[in-house]
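Reviewing the structure listed below.
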Amino acid sequence: MQTNFDETTGRKKFFDNVNKELNKLIDPATGKVHAELLEHVNCPVCDANSYDQLFVKQGFDFVRCKNCNLVYVTPRLLESATLAYYGDAPDQESMVDWLHVLANPVNQAWQVPYFQEAVDIIAKLIPANGKILDIGCSIGLFMEIAQKSGFECVGLEPEPKSREYALERGLDVRPDLFKDAGFAPGSFDAITMFGVLEHLSKPKEMLADIWDVLKPGGIVMVIVPNVYSFANGTLHEQARTFTGRNHLSYFAWDTLSDLFKRSGYEVAHLDTALAGLDAVLNHWQFNNPHAGLSLDLLPPKMRTLLENPEGRAQFEKLIREWDMGLRLRLAARKPK
Ligand SMILES: [Zn+2]
């Protein structure tokens, strides 16, 4: 059976437009992003300036810190260029396309269990009816699910189109960046950042900034791409995770824990989510990883296993159990 998640959810259109936007940044003379748009940065976790180059993609250099092993982008786009993308930048067609991806029912079908699992993790760590701040809440799907489970939620979303969508659904979503939101100390039992940390130029500073607003004993939960996921390890630069404009840091089990410990938090939960299997299976057959899934050229036993939903579920379970899921989920506690 041919299924094409990318076409159905509008992901294909989104990534096509992103690629067009990224091509505009490239200097044809060097094949790299125009030098005047870039700044060199030290490692965002440990501040070292010593790294191995891993690969170049779309004009950006992806490197790994020799001191702490964080994978990151340097040089990277100047912060002014990055902020324009998340703020009100009408020339950025891809943001509008991404909203269509987020609001698409097929997309929400996988996101609902994904966020429900996150709510279940938080529910084990904070009091029932606790208050949650969701930074970068997008269209507010996590907030909706958390509220159904009895939590009180406030969201922050500077991107206007996603925020409008969330407001229409009756959610308390504010336009501010965290540092401008003016929350009183000890306001929240949990602060969540799903798909946020990897975008930030200074993730360590963000963890320091939210410290006061969190109650003593409160929880920060993040979900970020898992740099050594089964999909990334197989696809390397062909994996969609690697986008030098948007994703600046690429965490693994150790580097993510390290970031939180350096900021004074105690890791309370760490695992991986989603298998990302389709792209890998396509790639194994030397097909375009992001095309519709085809199993036709796989070895027969493997094909039979994967055509059976139970067989496939078994494979996906194994990927997650081996910490090779597409996303890392970490919850860390501010000590009492
Ligand atoms: Zn480092």
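Letters for chains follow the order of the structure tokens (A, B, ...), residue numbers begin at 1 for each chain, and ligand numbers begin at 1 in the order shown.
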
| field | Near-ligand residues for ligand 1, threshold 8 Å, only C-alpha atoms and all ligand atoms, as a PyMOL selection string | value | chain A and resi 42-49+64-70

| request: Please report, as a PyMOL selection string, each residue of region 50-212 of chain A to which DSSP assigns helix (DSSP H, G or I) when run on this structure's backbone. | output: chain A and resi 79-86+93-103+105-123+141-148+160-168+178-180+197-199+203-210

| field | Close residues, Asn19 (chain A) itself excluded, 12 Å, only C-alpha atoms, min 2 positions apart in chain, as a list in words | value |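 Within the cut-off, the hits are Lys12, Lys13, Phe14, Phe15, Asp16, Asn17, Glu21, Leu22, Asn23, Lys24, Leu25, Ile26, Lys57, Gln58, Gly59, Gln92, Glu93, Ser94, Arg240, Thr243, Gly244 and Arg245 of chain A.
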
| query | At what distance in Å, to one decimal, does CA of Glu117 (chain A) lie from CA of Gly182 (chain A)? | reply |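 Pair CA of Gly182 (chain A) / CA of Glu117 (chain A) returns 29.6 Å.
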
| said: Measuring between only C-alpha atoms, which one of A:Val224, A:Ile139, A:Ile210, A:Ala35 shows the shortest distance to Thr241 (chain A)? | reply: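 The answer is A:Val224, which sits nearest to Thr241 (chain A).
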
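Candidate residues A:Glu237, A:Glu159, A:Asp189, A:Asp271 were compared for distance to Arg329 (chain A), and the nearest is A:Asp271, using only C-alpha atoms.
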
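Those residues that approach Glu266 (chain A) to within 9 Å, counting only C-alpha atoms, are Ser257, Phe260, Lys261, Gly264, Ala268, Ala331, Ala332, Arg333, Lys334 and Pro335 of chain A; same-chain residues fewer than 2 positions away are not listed.
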
Prev. selection, N, CA and C atoms, output as a PDB file, in the first residue's frame:
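The resulting file, again23.pdb, is shown below:
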ATOM      1  N   SER A 257      21.121  15.906  29.023  1.00  0.00           N
ATOM      2  CA  SER A 257      21.214  15.791  30.490  1.00  0.00           C
ATOM      3  C   SER A 257      22.240  16.789  31.021  1.00  0.00           C
ATOM      4  N   PHE A 260      21.040  20.378  31.355  1.00  0.00           N
ATOM      5  CA  PHE A 260      20.175  20.622  32.508  1.00  0.00           C
ATOM      6  C   PHE A 260      20.965  20.583  33.820  1.00  0.00           C
ATOM      7  N   LYS A 261      21.892  19.636  33.928  1.00  0.00           N
ATOM      8  CA  LYS A 261      22.684  19.531  35.167  1.00  0.00           C
ATOM      9  C   LYS A 261      23.534  20.775  35.355  1.00  0.00           C
ATOM     10  N   GLY A 264      21.648  23.425  37.032  1.00  0.00           N
ATOM     11  CA  GLY A 264      21.192  23.219  38.411  1.00  0.00           C
ATOM     12  C   GLY A 264      19.982  22.313  38.552  1.00  0.00           C
ATOM     13  N   ALA A 268      14.748  13.940  35.920  1.00  0.00           N
ATOM     14  CA  ALA A 268      13.746  13.070  36.539  1.00  0.00           C
ATOM     15  C   ALA A 268      13.165  12.063  35.557  1.00  0.00           C
ATOM     16  N   ALA A 331      12.501  15.357  31.396  1.00  0.00           N
ATOM     17  CA  ALA A 331      11.888  16.197  32.434  1.00  0.00           C
ATOM     18  C   ALA A 331      12.917  16.333  33.547  1.00  0.00           C
ATOM     19  N   ALA A 332      13.095  17.556  34.035  1.00  0.00           N
ATOM     20  CA  ALA A 332      14.091  17.794  35.078  1.00  0.00           C
ATOM     21  C   ALA A 332      13.471  18.658  36.175  1.00  0.00           C
ATOM     22  N   ARG A 333      13.924  18.400  37.406  1.00  0.00           N
ATOM     23  CA  ARG A 333      13.318  19.079  38.546  1.00  0.00           C
ATOM     24  C   ARG A 333      14.227  20.190  39.076  1.00  0.00           C
ATOM     25  N   LYS A 334      13.584  21.312  39.419  1.00  0.00           N
ATOM     26  CA  LYS A 334      14.291  22.353  40.164  1.00  0.00           C
ATOM     27  C   LYS A 334      14.300  21.915  41.624  1.00  0.00           C
ATOM     28  N   PRO A 335      15.477  21.739  42.238  1.00  0.00           N
ATOM     29  CA  PRO A 335      15.483  21.203  43.611  1.00  0.00           C
ATOM     30  C   PRO A 335      14.690  22.114  44.556  1.00  0.00           C
TER      31      PRO A 335
END

| Among listed residues A:Ala123, A:Leu305, A:Ser249, A:Ala291, nearest Thr74 (chain A) (using only C-alpha atoms) |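 Of all the options, A:Ser249 lies closest to Thr74 (chain A).
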
| query | Given the choices A:Glu79, A:Leu318, A:Asp254, A:Lys301, which gets closest to Lys202 (chain A) if the distance is worked out from only C-alpha atoms? | reply |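 Between A:Glu79, A:Leu318, A:Asp254, A:Lys301, the residue approaching Lys202 (chain A) most closely is A:Glu79.
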
| task | Have a look at A:Gly136, A:Gly150, A:Pro175, A:Pro185 and name the one nearest to Val222 (chain A); count only C-alpha atoms. | result |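 The closest residue to Val222 (chain A) is A:Gly136.
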
| task | To one decimal in Å, tell me the separation between CA of Thr272 (chain A) and CA of Glu321 (chain A). | result |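 Between these atoms lies a distance of 7.9 Å.
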